[in-house]
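Data block below; observations after.
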Amino acid sequence: MPGAGVLDLDKLDFEKGDGRLTVVTQDADTGAVLMVAHADRDALERTIATGEMYYTSRTRGLWHKGATSGNRQSVVSLAADCDGDAVLARVRPMGPACHSGQTSCFGEPALAPDALAVLDRMIAGRAADPSAAAGGYTRTLLRDRNLRLKKIGEEAAEFVVACTGTDADRVVAEASDLVYHALVAMHGAGVAWPAVVGELAARGSRGKPAE
């Protein structure tokens with residue numbers, strides 16, 4: 001499980017919370033805080049072993065998130081805070097986090113999603129079943145490599161032309177079209193947006209420009 005190795009359970013302070021830690025669960029792609037819960041050592045051990053979130057409930061005891069609803073949470077990383085009594089769990093949710101059906105337990109207005117991450121997730125859904133009827137244009141591009149590569153060339157040219165002028169709205173529109181088609185082409189090559197984010201972050205940590 002990516003990132004879980006940095007969480008050393010022996011260094012966590014379970015005693016402070018009577019055997020449990022506070023867990024803040026965040027969408028790894030959008031940055032939205034999904035929920036706050038608790039986990040004891042057993043729950044965290046199962047989380048690390050399975051790659052899916054387990055919590056500890058006062059009423060239910062050990063709790064595999066989504067075991068009944070199907071709204072499981074796939075773990076991207078786990079990290080402890082400076083005091084060792086709280087854990088940040090970055091996940092990719094397979095459905096709403098809240099029992100009310102909302103994406104977040106803090107309500108939809110509390111979310112501040114990354115638009116690129118949301119778009120990437122939509123394209124990933126289309127790529128999972130390119131033969132389905134919904135999302136026709138995206139699926140058409142995913143089925144036809146030559147078409148999607150041709151569209152990138154066209155959109156790039158239109159973006160360049162827009163940047164030679166002074167119409168800011170046109171630049172924004174053409175840039176948006178180019179980004180969308182680039183994301184579709186990436187998925188056609190088996191690459192998702194988080195991989196690009198990771199590469200840019202790695203370059204930044206090395207002091208290397210994004211180029």
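The way I read the labels, and the way they are meant: chains A, B, ... in the order of the structure tokens, residue 1 as the first residue of every chain, and ligand 1 as the first ligand shown, with later ones counted on from there.
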
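On the backbone of this structure, DSSP gives strand (DSSP E) within region 82-126 of chain A to Ala86, Val87, Leu88, Ala89, Arg90, Val91, Arg92 and Pro93 of chain A.
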
Residues within 8 Å of Arg41 (chain A), please, as a ChimeraX atom specification. Count only C-alpha atoms; anything in the same chain fewer than 2 positions from it doesn't count. /A:9,14,19-20,39,43-45

Rounded to one decimal in Å, what is the spacing between CA of Tyr54 (chain A) and CA of Leu119 (chain A)? 28.1 Å

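Coordinates place CA of Ser74 (chain A) at a distance of 27.8 Å from CA of Arg143 (chain A).
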
Tell me, as JSON, numbers by chain, which residues lie within 10 Å of region 88-103 of chain A, counting only C-alpha atoms; anything in the same chain fewer than 3 positions away does not count. {"A": [3, 4, 22, 23, 24, 25, 26, 27, 28, 29, 30, 31, 32, 33, 34, 35, 36, 51, 52, 53, 65, 66, 69, 70, 71, 72, 73, 74, 75, 76, 77, 78, 79, 80, 81, 106, 107, 108, 111]}

Mind writing the picked residues with C-alpha atoms as an mmCIF file, in the first residue's frame?
data_model
loop_
_atom_site.group_PDB
_atom_site.id
_atom_site.type_symbol
_atom_site.label_atom_id
_atom_site.label_comp_id
_atom_site.auth_asym_id
_atom_site.auth_seq_id
_atom_site.Cartn_x
_atom_site.Cartn_y
_atom_site.Cartn_z
ATOM 1 C CA GLY A 3 2.691 5.530 1.748
ATOM 2 C CA ALA A 4 1.548 3.219 4.549
ATOM 3 C CA THR A 22 -8.364 10.164 15.893
ATOM 4 C CA VAL A 23 -8.370 9.519 12.127
ATOM 5 C CA VAL A 24 -8.965 12.362 9.675
ATOM 6 C CA THR A 25 -9.884 10.881 6.295
ATOM 7 C CA GLN A 26 -9.193 12.959 3.189
ATOM 8 C CA ASP A 27 -9.876 12.374 -0.493
ATOM 9 C CA ALA A 28 -6.395 11.929 -1.950
ATOM 10 C CA ASP A 29 -7.369 13.441 -5.293
ATOM 11 C CA THR A 30 -9.603 16.387 -4.389
ATOM 12 C CA GLY A 31 -8.232 17.242 -0.948
ATOM 13 C CA ALA A 32 -11.746 17.203 0.553
ATOM 14 C CA VAL A 33 -12.030 16.133 4.185
ATOM 15 C CA LEU A 34 -14.458 13.207 4.093
ATOM 16 C CA MET A 35 -14.874 12.219 7.731
ATOM 17 C CA VAL A 36 -13.323 12.063 11.194
ATOM 18 C CA GLY A 51 -5.286 -1.426 1.827
ATOM 19 C CA GLU A 52 -8.829 -0.430 2.823
ATOM 20 C CA MET A 53 -9.927 1.694 5.761
ATOM 21 C CA LYS A 65 -15.765 1.100 6.040
ATOM 22 C CA GLY A 66 -18.159 0.189 3.236
ATOM 23 C CA SER A 69 -22.800 -0.229 1.742
ATOM 24 C CA GLY A 70 -20.027 -0.867 -0.752
ATOM 25 C CA ASN A 71 -18.664 2.640 -0.125
ATOM 26 C CA ARG A 72 -15.201 1.389 0.731
ATOM 27 C CA GLN A 73 -12.119 3.586 0.985
ATOM 28 C CA SER A 74 -8.920 2.524 -0.757
ATOM 29 C CA VAL A 75 -5.870 3.778 1.122
ATOM 30 C CA VAL A 76 -3.280 5.920 -0.634
ATOM 31 C CA SER A 77 -1.250 6.876 2.442
ATOM 32 C CA LEU A 78 -1.313 7.014 6.223
ATOM 33 C CA ALA A 79 0.634 9.569 8.253
ATOM 34 C CA ALA A 80 0.774 10.360 11.967
ATOM 35 C CA ASP A 81 0.707 13.865 13.387
ATOM 36 C CA PHE A 106 -19.190 17.880 6.682
ATOM 37 C CA GLY A 107 -21.697 18.481 3.881
ATOM 38 C CA GLU A 108 -21.245 19.150 0.212
ATOM 39 C CA LEU A 111 -15.883 20.564 -0.156
#

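CA of Phe159 (chain A) is positioned 22.5 Å from CA of Ala192 (chain A).
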
Which of region 78-180 of chain A counts as alpha helix (DSSP H) under DSSP, as a ChimeraX atom specification please? /A:115-128,136-143,145-163,168-180

Residue nearest His187 (chain A) - candidates A:His64, A:Arg58, A:Arg121, A:His38, atoms counted: only C-alpha atoms: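 Among A:His64, A:Arg58, A:Arg121, A:His38, it is A:Arg121 that comes nearest to His187 (chain A).
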
Within 12 Å of Leu149 (chain A), counting only C-alpha atoms, which residues show up once you throw out same-chain ones fewer than 2 positions away? Write them as number ranges by chain, please. A: 141-147, 151-156, 178, 181-186, 188-189

Contacts of Asp129 (chain A) at 12 Å (only C-alpha atoms; same-chain gap of 6+ positions) as a list of chain:residue names: A:Met122, A:Ile123, A:Gly135, A:Gly136, A:Thr138, A:Arg139, A:Thr140, A:Leu142, A:Arg143

Best match for closeness to Gly190 (chain A) among A:Cys163, A:Ala202, A:Ala128, A:Ala168, counting only C-alpha atoms: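 Nearest to Gly190 (chain A): A:Ala128.
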